[in-house]
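K.L.:
Structure file upload_28.cif (mmCIF, C-alpha atoms) is given on the next line.
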```
data_upload
#
loop_
_atom_site.group_PDB
_atom_site.id
_atom_site.type_symbol
_atom_site.label_atom_id
_atom_site.label_comp_id
_atom_site.auth_asym_id
_atom_site.auth_seq_id
_atom_site.Cartn_x
_atom_site.Cartn_y
_atom_site.Cartn_z
ATOM 1 C CA MET A 109 110.394 71.296 112.241
ATOM 2 C CA LYS A 110 112.176 68.815 110.043
ATOM 3 C CA LEU A 111 114.058 69.857 106.940
ATOM 4 C CA TRP A 112 111.589 68.157 104.577
ATOM 5 C CA GLN A 113 108.743 70.046 106.203
ATOM 6 C CA THR A 114 110.501 73.356 105.688
ATOM 7 C CA GLY A 115 111.310 72.288 102.131
ATOM 8 C CA GLY A 116 107.671 71.398 101.544
ATOM 9 C CA ALA A 117 106.462 74.739 102.860
ATOM 10 C CA VAL A 118 108.953 76.654 100.702
ATOM 11 C CA ALA A 119 108.138 74.584 97.589
ATOM 12 C CA LEU A 120 104.421 75.223 98.157
ATOM 13 C CA ALA A 121 105.088 78.943 98.527
ATOM 14 C CA ALA A 122 107.121 78.984 95.307
ATOM 15 C CA LEU A 123 104.473 77.054 93.338
ATOM 16 C CA SER A 124 101.743 79.335 94.675
ATOM 17 C CA LEU A 125 103.543 82.488 93.644
ATOM 18 C CA THR A 126 104.362 81.068 90.182
ATOM 19 C CA LEU A 127 100.738 80.232 89.487
ATOM 20 C CA ALA A 128 99.577 83.510 91.014
ATOM 21 C CA ALA A 129 101.700 85.393 88.503
ATOM 22 C CA THR A 130 99.886 84.131 85.372
ATOM 23 C CA PRO A 131 97.495 86.607 83.727
ATOM 24 C CA ALA A 132 93.802 86.593 84.633
ATOM 25 C CA SER A 133 90.815 86.771 82.288
ATOM 26 C CA ALA A 134 87.288 88.007 82.909
ATOM 27 C CA HIS A 135 84.719 85.722 84.514
ATOM 28 C CA HIS A 136 81.084 86.342 85.336
ATOM 29 C CA SER A 137 79.436 85.285 88.541
ATOM 30 C CA ALA A 138 77.430 82.061 88.400
ATOM 31 C CA ALA A 139 75.432 82.714 91.557
ATOM 32 C CA MET A 140 73.236 85.692 90.758
ATOM 33 C CA PHE A 141 70.223 84.415 88.852
ATOM 34 C CA ASP A 142 66.720 85.872 89.136
ATOM 35 C CA HIS A 143 64.598 82.879 90.108
ATOM 36 C CA ALA A 144 61.380 84.871 89.741
ATOM 37 C CA LYS A 145 61.934 85.379 85.998
ATOM 38 C CA ILE A 146 61.932 82.912 83.119
ATOM 39 C CA VAL A 147 63.395 83.972 79.764
ATOM 40 C CA THR A 148 63.235 81.942 76.541
ATOM 41 C CA LEU A 149 66.121 81.991 74.067
ATOM 42 C CA SER A 150 66.007 80.617 70.505
ATOM 43 C CA GLY A 151 69.328 80.359 68.769
ATOM 44 C CA THR A 152 72.318 78.327 67.652
ATOM 45 C CA VAL A 153 74.598 76.282 69.881
ATOM 46 C CA LYS A 154 78.147 77.631 69.755
ATOM 47 C CA GLU A 155 79.611 75.161 72.254
ATOM 48 C CA PHE A 156 78.324 72.581 74.729
ATOM 49 C CA LYS A 157 80.715 72.165 77.654
ATOM 50 C CA TRP A 158 80.101 68.768 79.240
ATOM 51 C CA MET A 159 82.088 69.361 82.423
ATOM 52 C CA ASN A 160 82.148 69.473 86.221
ATOM 53 C CA PRO A 161 81.323 71.162 88.484
ATOM 54 C CA HIS A 162 78.571 72.019 86.004
ATOM 55 C CA GLY A 163 77.952 72.094 82.281
ATOM 56 C CA TRP A 164 77.568 75.149 80.050
ATOM 57 C CA ILE A 165 75.644 75.811 76.867
ATOM 58 C CA GLN A 166 77.140 78.641 74.839
ATOM 59 C CA ILE A 167 74.321 79.822 72.578
ATOM 60 C CA MET A 168 74.119 82.600 69.998
ATOM 61 C CA ALA A 169 70.746 84.325 70.388
ATOM 62 C CA PRO A 170 69.295 87.842 70.582
ATOM 63 C CA GLY A 171 70.475 89.589 73.747
ATOM 64 C CA PRO A 172 72.150 92.619 75.289
ATOM 65 C CA ALA A 173 74.919 92.665 72.647
ATOM 66 C CA GLY A 174 72.511 92.563 69.675
ATOM 67 C CA PRO A 175 70.798 89.827 67.621
ATOM 68 C CA ALA A 176 73.860 87.526 67.800
ATOM 69 C CA THR A 177 74.746 87.737 71.479
ATOM 70 C CA GLU A 178 76.731 84.856 72.979
ATOM 71 C CA TRP A 179 74.917 83.648 76.104
ATOM 72 C CA SER A 180 76.568 81.447 78.766
ATOM 73 C CA ILE A 181 73.873 79.161 80.108
ATOM 74 C CA GLU A 182 74.740 77.256 83.260
ATOM 75 C CA CYS A 183 73.590 73.639 83.642
ATOM 76 C CA SER A 184 73.721 71.189 86.571
ATOM 77 C CA SER A 185 76.624 68.878 87.444
ATOM 78 C CA ILE A 186 77.399 65.985 85.109
ATOM 79 C CA ASN A 187 75.963 63.533 87.646
ATOM 80 C CA ILE A 188 72.591 65.296 87.659
ATOM 81 C CA LEU A 189 72.532 65.942 83.904
ATOM 82 C CA ALA A 190 73.303 62.268 83.168
ATOM 83 C CA ARG A 191 70.462 61.142 85.430
ATOM 84 C CA LYS A 192 68.092 63.534 83.633
ATOM 85 C CA GLY A 193 69.006 61.941 80.304
ATOM 86 C CA TRP A 194 71.582 64.426 79.037
ATOM 87 C CA SER A 195 74.890 63.321 77.488
ATOM 88 C CA SER A 196 78.013 64.911 76.052
ATOM 89 C CA LYS A 197 76.387 64.402 72.643
ATOM 90 C CA SER A 198 73.094 66.114 73.509
ATOM 91 C CA PHE A 199 74.099 69.183 71.488
ATOM 92 C CA LYS A 200 76.782 70.030 68.982
ATOM 93 C CA PRO A 201 77.881 73.364 67.561
ATOM 94 C CA GLY A 202 75.388 74.612 64.975
ATOM 95 C CA ASP A 203 72.320 72.913 66.503
ATOM 96 C CA LYS A 204 69.202 75.084 66.552
ATOM 97 C CA ILE A 205 67.679 74.968 70.021
ATOM 98 C CA SER A 206 65.199 76.823 72.163
ATOM 99 C CA LEU A 207 65.751 77.013 75.909
ATOM 100 C CA SER A 208 64.156 78.538 78.996
ATOM 101 C CA MET A 209 66.286 79.874 81.837
ATOM 102 C CA HIS A 210 66.425 82.124 84.869
ATOM 103 C CA PRO A 211 68.398 85.194 83.721
ATOM 104 C CA MET A 212 71.170 87.025 85.579
ATOM 105 C CA LYS A 213 69.858 89.730 87.923
ATOM 106 C CA ASP A 214 72.411 92.194 86.488
ATOM 107 C CA GLY A 215 71.154 91.717 82.925
ATOM 108 C CA SER A 216 74.342 90.195 81.529
ATOM 109 C CA ALA A 217 74.143 87.457 78.882
ATOM 110 C CA ALA A 218 73.975 84.421 81.139
ATOM 111 C CA GLY A 219 71.384 82.252 82.818
ATOM 112 C CA PHE A 220 70.427 79.139 84.741
ATOM 113 C CA VAL A 221 68.910 76.561 82.373
ATOM 114 C CA LEU A 222 65.479 75.065 83.043
ATOM 115 C CA LYS A 223 64.559 73.225 79.838
ATOM 116 C CA VAL A 224 65.946 72.822 76.319
ATOM 117 C CA ASP A 225 63.924 71.946 73.198
ATOM 118 C CA THR A 226 65.976 70.589 70.322
ATOM 119 C CA ALA A 227 65.286 71.030 66.599
ATOM 120 C CA ASP A 228 64.239 67.373 66.231
ATOM 121 C CA GLY A 229 61.481 67.873 68.775
ATOM 122 C CA HIS A 230 62.690 66.344 72.021
ATOM 123 C CA SER A 231 63.148 68.113 75.345
ATOM 124 C CA LEU A 232 65.810 67.968 78.035
ATOM 125 C CA THR A 233 65.043 69.352 81.476
ATOM 126 C CA ASP A 234 67.390 70.553 84.200
ATOM 127 C CA HIS A 235 66.873 72.973 87.134
ATOM 128 C CA ASP A 236 63.384 73.206 88.664
ATOM 129 C CA TYR A 237 62.300 69.890 87.078
ATOM 130 C CA MET B 194 107.382 74.710 77.632
ATOM 131 C CA SER B 195 105.304 77.565 79.007
ATOM 132 C CA LEU B 196 103.086 77.345 82.065
ATOM 133 C CA SER B 197 99.937 77.624 79.952
ATOM 134 C CA SER B 198 100.956 74.662 77.777
ATOM 135 C CA VAL B 199 101.756 72.627 80.898
ATOM 136 C CA LEU B 200 98.296 73.463 82.272
ATOM 137 C CA ALA B 201 96.643 72.553 78.963
ATOM 138 C CA ALA B 202 98.523 69.240 78.878
ATOM 139 C CA LEU B 203 97.498 68.524 82.478
ATOM 140 C CA GLU B 204 93.858 69.232 81.625
ATOM 141 C CA ALA B 205 94.068 66.817 78.665
ATOM 142 C CA THR B 206 95.365 63.863 80.713
ATOM 143 C CA PRO B 207 93.010 60.868 81.011
ATOM 144 C CA PHE B 208 92.510 61.327 84.776
ATOM 145 C CA ALA B 209 91.737 65.046 84.432
ATOM 146 C CA THR B 210 89.258 64.283 81.631
ATOM 147 C CA ALA B 211 87.613 61.543 83.723
ATOM 148 C CA ILE B 212 87.174 63.952 86.660
ATOM 149 C CA ARG B 213 85.853 66.710 84.398
ATOM 150 C CA GLU B 214 83.414 64.626 82.350
ATOM 151 C CA GLY B 215 82.349 61.809 84.678
ATOM 152 C CA SER B 216 79.458 61.540 87.110
ATOM 153 C CA TYR B 217 81.183 60.424 90.306
ATOM 154 C CA LEU B 218 84.859 61.401 90.570
ATOM 155 C CA PHE B 219 84.400 65.161 90.924
ATOM 156 C CA PRO B 220 81.823 65.080 93.758
ATOM 157 C CA TRP B 221 83.717 62.342 95.640
ATOM 158 C CA ILE B 222 87.102 64.047 95.335
ATOM 159 C CA GLU B 223 85.536 67.385 96.251
ATOM 160 C CA SER B 224 83.938 65.870 99.386
ATOM 161 C CA VAL B 225 87.216 64.300 100.523
ATOM 162 C CA HIS B 226 88.980 67.608 99.795
ATOM 163 C CA VAL B 227 86.572 69.515 102.035
ATOM 164 C CA LEU B 228 86.823 66.934 104.849
ATOM 165 C CA ALA B 229 90.636 67.042 104.694
ATOM 166 C CA ILE B 230 90.568 70.855 104.871
ATOM 167 C CA VAL B 231 88.260 70.669 107.885
ATOM 168 C CA LEU B 232 90.819 68.429 109.591
ATOM 169 C CA VAL B 233 93.784 70.653 108.679
ATOM 170 C CA VAL B 234 92.115 73.883 109.762
ATOM 171 C CA GLY B 235 90.482 72.347 112.836
ATOM 172 C CA VAL B 236 93.741 70.985 114.222
ATOM 173 C CA VAL B 237 95.706 74.104 113.213
ATOM 174 C CA PHE B 238 93.160 76.214 115.130
ATOM 175 C CA VAL B 239 93.601 74.099 118.272
ATOM 176 C CA MET B 240 97.319 74.888 118.104
ATOM 177 C CA ASP B 241 96.821 78.555 117.186
ATOM 178 C CA LEU B 242 94.326 79.167 119.991
ATOM 179 C CA ARG B 243 96.841 77.651 122.443
ATOM 180 C CA LEU B 244 99.568 79.930 121.083
ATOM 181 C CA ILE B 245 97.362 82.991 121.389
ATOM 182 C CA GLY B 246 96.596 82.028 124.966
ATOM 183 C CA VAL B 247 92.863 81.487 124.573
ATOM 184 C CA THR B 248 92.500 77.737 125.200
ATOM 185 C CA ALA B 249 94.346 74.663 126.537
ATOM 186 C CA GLY B 250 96.478 76.712 128.924
ATOM 187 C CA GLY B 251 97.188 73.555 130.921
ATOM 188 C CA GLN B 252 98.859 71.874 127.943
ATOM 189 C CA GLY B 253 102.543 72.422 127.233
ATOM 190 C CA ILE B 254 103.055 74.087 123.840
ATOM 191 C CA ASN B 255 105.734 71.681 122.618
ATOM 192 C CA ARG B 256 103.677 68.656 123.608
ATOM 193 C CA LEU B 257 100.661 70.032 121.732
ATOM 194 C CA LEU B 258 102.852 70.782 118.690
ATOM 195 C CA LYS B 259 104.258 67.245 118.662
ATOM 196 C CA ASP B 260 100.764 65.789 118.838
ATOM 197 C CA SER B 261 99.138 68.049 116.276
ATOM 198 C CA THR B 262 101.818 68.508 113.602
ATOM 199 C CA PRO B 263 101.752 64.935 112.159
ATOM 200 C CA LEU B 264 97.948 65.040 111.945
ATOM 201 C CA VAL B 265 98.041 68.409 110.197
ATOM 202 C CA TRP B 266 100.604 67.180 107.670
ATOM 203 C CA ALA B 267 98.724 63.938 106.980
ATOM 204 C CA ALA B 268 95.452 65.779 106.382
ATOM 205 C CA PHE B 269 97.274 68.421 104.358
ATOM 206 C CA VAL B 270 98.691 65.777 102.016
ATOM 207 C CA VAL B 271 95.145 64.457 101.410
ATOM 208 C CA ALA B 272 93.865 68.009 100.838
ATOM 209 C CA ALA B 273 96.742 68.822 98.481
ATOM 210 C CA VAL B 274 96.362 65.637 96.415
ATOM 211 C CA THR B 275 92.574 65.974 96.087
ATOM 212 C CA GLY B 276 92.984 69.696 95.416
ATOM 213 C CA PHE B 277 95.498 68.984 92.671
ATOM 214 C CA LEU B 278 93.089 66.472 91.080
ATOM 215 C CA LEU B 279 90.204 68.974 91.126
ATOM 216 C CA PHE B 280 92.551 71.645 89.750
ATOM 217 C CA SER B 281 93.714 69.341 86.962
ATOM 218 C CA SER B 282 90.158 68.873 85.655
ATOM 219 C CA SER B 283 90.069 72.496 84.432
ATOM 220 C CA ALA B 284 93.649 73.596 85.037
ATOM 221 C CA THR B 285 93.701 76.498 82.568
ATOM 222 C CA THR B 286 90.454 77.950 83.936
ATOM 223 C CA TYR B 287 91.315 77.580 87.623
ATOM 224 C CA ALA B 288 94.813 79.006 87.115
ATOM 225 C CA ALA B 289 93.185 82.174 85.776
ATOM 226 C CA ASN B 290 90.590 82.366 88.568
ATOM 227 C CA PRO B 291 91.414 85.287 90.940
ATOM 228 C CA ALA B 292 89.935 83.452 93.949
ATOM 229 C CA PHE B 293 92.094 80.413 93.220
ATOM 230 C CA ARG B 294 95.193 82.606 93.030
ATOM 231 C CA LEU B 295 94.312 84.318 96.273
ATOM 232 C CA LYS B 296 93.906 80.885 97.863
ATOM 233 C CA LEU B 297 97.423 79.902 96.763
ATOM 234 C CA VAL B 298 98.853 83.152 98.097
ATOM 235 C CA ALA B 299 97.079 82.618 101.435
ATOM 236 C CA LEU B 300 98.396 79.027 101.520
ATOM 237 C CA ALA B 301 101.906 80.259 100.831
ATOM 238 C CA ALA B 302 101.573 82.856 103.604
ATOM 239 C CA ALA B 303 100.319 80.184 106.026
ATOM 240 C CA GLY B 304 103.258 77.939 105.081
ATOM 241 C CA LEU B 305 105.848 80.720 105.468
ATOM 242 C CA ASN B 306 104.352 81.750 108.822
ATOM 243 C CA MET B 307 104.514 78.154 110.010
ATOM 244 C CA ALA B 308 108.093 77.686 108.782
ATOM 245 C CA LEU B 309 109.211 80.936 110.424
ATOM 246 C CA PHE B 310 107.502 80.028 113.688
ATOM 247 C CA HIS B 311 109.046 76.568 113.801
ATOM 248 C CA ARG B 312 112.505 77.773 112.749
ATOM 249 C CA VAL B 313 112.775 81.046 114.641
ATOM 250 C CA SER B 314 110.166 81.577 117.351
ATOM 251 C CA LEU B 315 110.240 78.050 118.702
ATOM 252 C CA LYS B 316 113.952 78.362 119.606
ATOM 253 C CA GLY B 317 114.073 78.773 123.366
ATOM 254 C CA ALA B 318 110.463 77.716 123.640
ATOM 255 C CA GLU B 319 111.250 75.531 126.642
ATOM 256 C CA ALA B 320 111.262 78.713 128.707
ATOM 257 C CA TRP B 321 107.647 79.549 127.836
ATOM 258 C CA ASP B 322 106.363 76.048 127.136
ATOM 259 C CA ASN B 323 103.973 76.142 130.081
ATOM 260 C CA LEU B 324 102.993 79.803 130.002
ATOM 261 C CA VAL B 325 99.252 80.220 129.477
ATOM 262 C CA LYS B 326 100.069 83.337 127.457
ATOM 263 C CA PRO B 327 103.269 82.784 125.451
ATOM 264 C CA PRO B 328 105.481 85.691 124.229
ATOM 265 C CA ALA B 329 104.198 88.165 121.663
ATOM 266 C CA GLN B 330 105.950 86.551 118.686
ATOM 267 C CA ALA B 331 104.244 83.203 119.376
ATOM 268 C CA ARG B 332 100.861 84.870 119.839
ATOM 269 C CA LEU B 333 101.400 86.793 116.608
ATOM 270 C CA ALA B 334 102.281 83.575 114.755
ATOM 271 C CA GLY B 335 99.042 82.005 116.012
ATOM 272 C CA ALA B 336 96.953 85.005 114.953
ATOM 273 C CA ILE B 337 98.585 85.197 111.499
ATOM 274 C CA SER B 338 98.043 81.473 111.028
ATOM 275 C CA MET B 339 94.330 81.729 111.833
ATOM 276 C CA ALA B 340 93.906 84.700 109.490
ATOM 277 C CA CYS B 341 95.713 82.853 106.669
ATOM 278 C CA TRP B 342 93.624 79.703 107.024
ATOM 279 C CA VAL B 343 90.358 81.654 107.126
ATOM 280 C CA ALA B 344 91.523 83.328 103.897
ATOM 281 C CA VAL B 345 92.387 79.927 102.358
ATOM 282 C CA VAL B 346 88.919 78.532 103.099
ATOM 283 C CA ALA B 347 87.027 81.683 102.093
ATOM 284 C CA SER B 348 88.898 82.182 98.812
ATOM 285 C CA GLY B 349 88.645 78.444 98.090
ATOM 286 C CA ARG B 350 84.873 78.616 98.399
ATOM 287 C CA TRP B 351 84.904 81.766 96.256
ATOM 288 C CA ILE B 352 86.472 79.942 93.276
ATOM 289 C CA GLY B 353 83.022 78.632 92.386
ATOM 290 C CA PHE B 354 81.458 82.089 92.320
ATOM 291 C CA LEU B 355 83.939 83.317 89.701
ATOM 292 C CA ALA B 356 83.936 80.219 87.479
#
```
Spell out the structure here as structure tokens.
P.N.:
Amino acid sequence: MKLWQTGGAVALAALSLTLAATPASAHHSAAMFDHAKIVTLSGTVKEFKWMNPHGWIQIMAPGPAGPATEWSIECSSINILARKGWSSKSFKPGDKISLSMHPMKDGSAAGFVLKVDTADGHSLTDHDY
Amino acid sequence: MSLSSVLAALEATPFATAIREGSYLFPWIESVHVLAIVLVVGVVFVMDLRLIGVTAGGQGINRLLKDSTPLVWAAFVVAAVTGFLLFSSSATTYAANPAFRLKLVALAAAGLNMALFHRVSLKGAEAWDNLVKPPAQARLAGAISMACWVAVVASGRWIGFLA
């Protein structure tokens, strides 16, 4: 093994351990939705994350934590959303929207978006459409 | 400058933003990343299975190492560059993802195992170059390597389930 290869392996090990030492925060699973159920949420957009590998709508609506529960609603990838007519400007914080989604099987405040109706009367569709 | 501010700055770079918010870069880079990993792990397994004594008993170990190592490193560079680009798109989030951290630890373990094997175990390897079943330390290095790479792939896939 050449010196640069050893150096590379050691540098990789050092970088790995450095990154591994930073503190973690809580994350929910994105893979456990109940596809037999459809739940409708009406509320206010807190944040619209236009990002890969998939977008998120953070919406304040009634839920498990009371009338102003923050829900994390998972959308498709940017490629798919763009082809369905969505854009980074589809929603902004404060927008009143109504959306349908497949909820988490464990009852936590998250879901898999199917369709969103905006306050000005147009609809955006995602999964299952 | 703290690590978190470095990660935030990385995430804000134009290329990271383009990968995060565009239609094509993320899926293309991700596909190349997966193909490069397939090449790395596939070729590493050929070598590891020879070391363990399962396959390719007719091939000399040093000859197989000379043939496979450049291919592994070339594919690894592609995997590392594409992996870094995917990481950059949401650097702060991925850095906090437990599966991502486990992947880095498994990568580090695979790298240390490889470095130790090449530096220590391979000394005097001429004596067992043609043995179908090499000495225990070489077989152990092969087994550890396979376990590490399975962990790298599994934890890498798991990143998406904890996003």
K.L.:
Please report the interatomic distance between atom CA of A:Ser185 and atom CA of A:Leu207 in Å with one decimal.
P.N.:
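Here the two named atoms are 17.8 Å from each other.
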K.L.:
Given a cut-off of 6 Å, which residues of chain B touch chain A, counting all atoms listed in the file, written out as a PyMOL selection string?
P.N.:
chain B and resi 213-214+216+289+294+297-298+301+304+308+311+354-355
K.L.:
Pick from A:Trp164, A:Phe156, A:Ala169, A:Ser180: nearest to A:Met212, with only C-alpha atoms counted?
P.N.:
A:Ser180
K.L.:
What separation in Å, quoted to one decimal, exists between atom CA of B:Ala202 and atom CA of B:Ile222?
P.N.:
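These two atoms are separated by 20.7 Å.
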K.L.:
What's the separation between atom CA of B:Trp221 and atom CA of B:Val199, in Å to one decimal place?
P.N.:
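Computed distance, atom CA of B:Trp221 to atom CA of B:Val199, equals 25.5 Å.
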K.L.:
Just need the box for stretch 218-226 of chain A, edges along x, y and z, holding every atom the file lists for it with 6 Å tacked onto each side, so centre and edge lengths in Å to one decimal, as lines of an AutoDock Vina configuration file.
P.N.:
```
center_x = 68.9
center_y = 77.5
center_z = 77.5
size_x = 22.1
size_y = 25.8
size_z = 26.4
```
K.L.:
Report as an mmCIF file with C-alpha atoms, keeping the file's coordinate frame the full result of the PyMOL selection byres ((chain B and resi 271-281) around 8) when it is applied to this structure.
P.N.:
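Listed below is the output, expr_20.cif:
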```cif
data_model
loop_
_atom_site.group_PDB
_atom_site.id
_atom_site.type_symbol
_atom_site.label_atom_id
_atom_site.label_comp_id
_atom_site.auth_asym_id
_atom_site.auth_seq_id
_atom_site.Cartn_x
_atom_site.Cartn_y
_atom_site.Cartn_z
ATOM 1 C CA LEU B 200 98.296 73.463 82.272
ATOM 2 C CA LEU B 203 97.498 68.524 82.478
ATOM 3 C CA GLU B 204 93.858 69.232 81.625
ATOM 4 C CA ALA B 209 91.737 65.046 84.432
ATOM 5 C CA ILE B 212 87.174 63.952 86.660
ATOM 6 C CA PHE B 219 84.400 65.161 90.924
ATOM 7 C CA ILE B 222 87.102 64.047 95.335
ATOM 8 C CA GLU B 223 85.536 67.385 96.251
ATOM 9 C CA VAL B 225 87.216 64.300 100.523
ATOM 10 C CA HIS B 226 88.980 67.608 99.795
ATOM 11 C CA VAL B 227 86.572 69.515 102.035
ATOM 12 C CA ALA B 229 90.636 67.042 104.694
ATOM 13 C CA ILE B 230 90.568 70.855 104.871
ATOM 14 C CA ALA B 267 98.724 63.938 106.980
ATOM 15 C CA ALA B 268 95.452 65.779 106.382
ATOM 16 C CA PHE B 269 97.274 68.421 104.358
ATOM 17 C CA VAL B 270 98.691 65.777 102.016
ATOM 18 C CA SER B 282 90.158 68.873 85.655
ATOM 19 C CA SER B 283 90.069 72.496 84.432
ATOM 20 C CA ALA B 284 93.649 73.596 85.037
ATOM 21 C CA TYR B 287 91.315 77.580 87.623
#
```
K.L.:
Report as a PyMOL selection string the residues that result from applying the PyMOL selection byres ((chain B and resi 341-351) around 8) to the structure here.
P.N.:
chain B and resi 234+292-293+295-297+299-300+302-303+337-340+352-355
K.L.:
Since I can't run it myself right now, could you work out what the PyMOL selection byres ((chain A and resi 228) around 12) selects here and report it as a VMD selection string?
P.N.:
chain A and resid 198 to 199 203 to 206 224 to 227 229 to 232
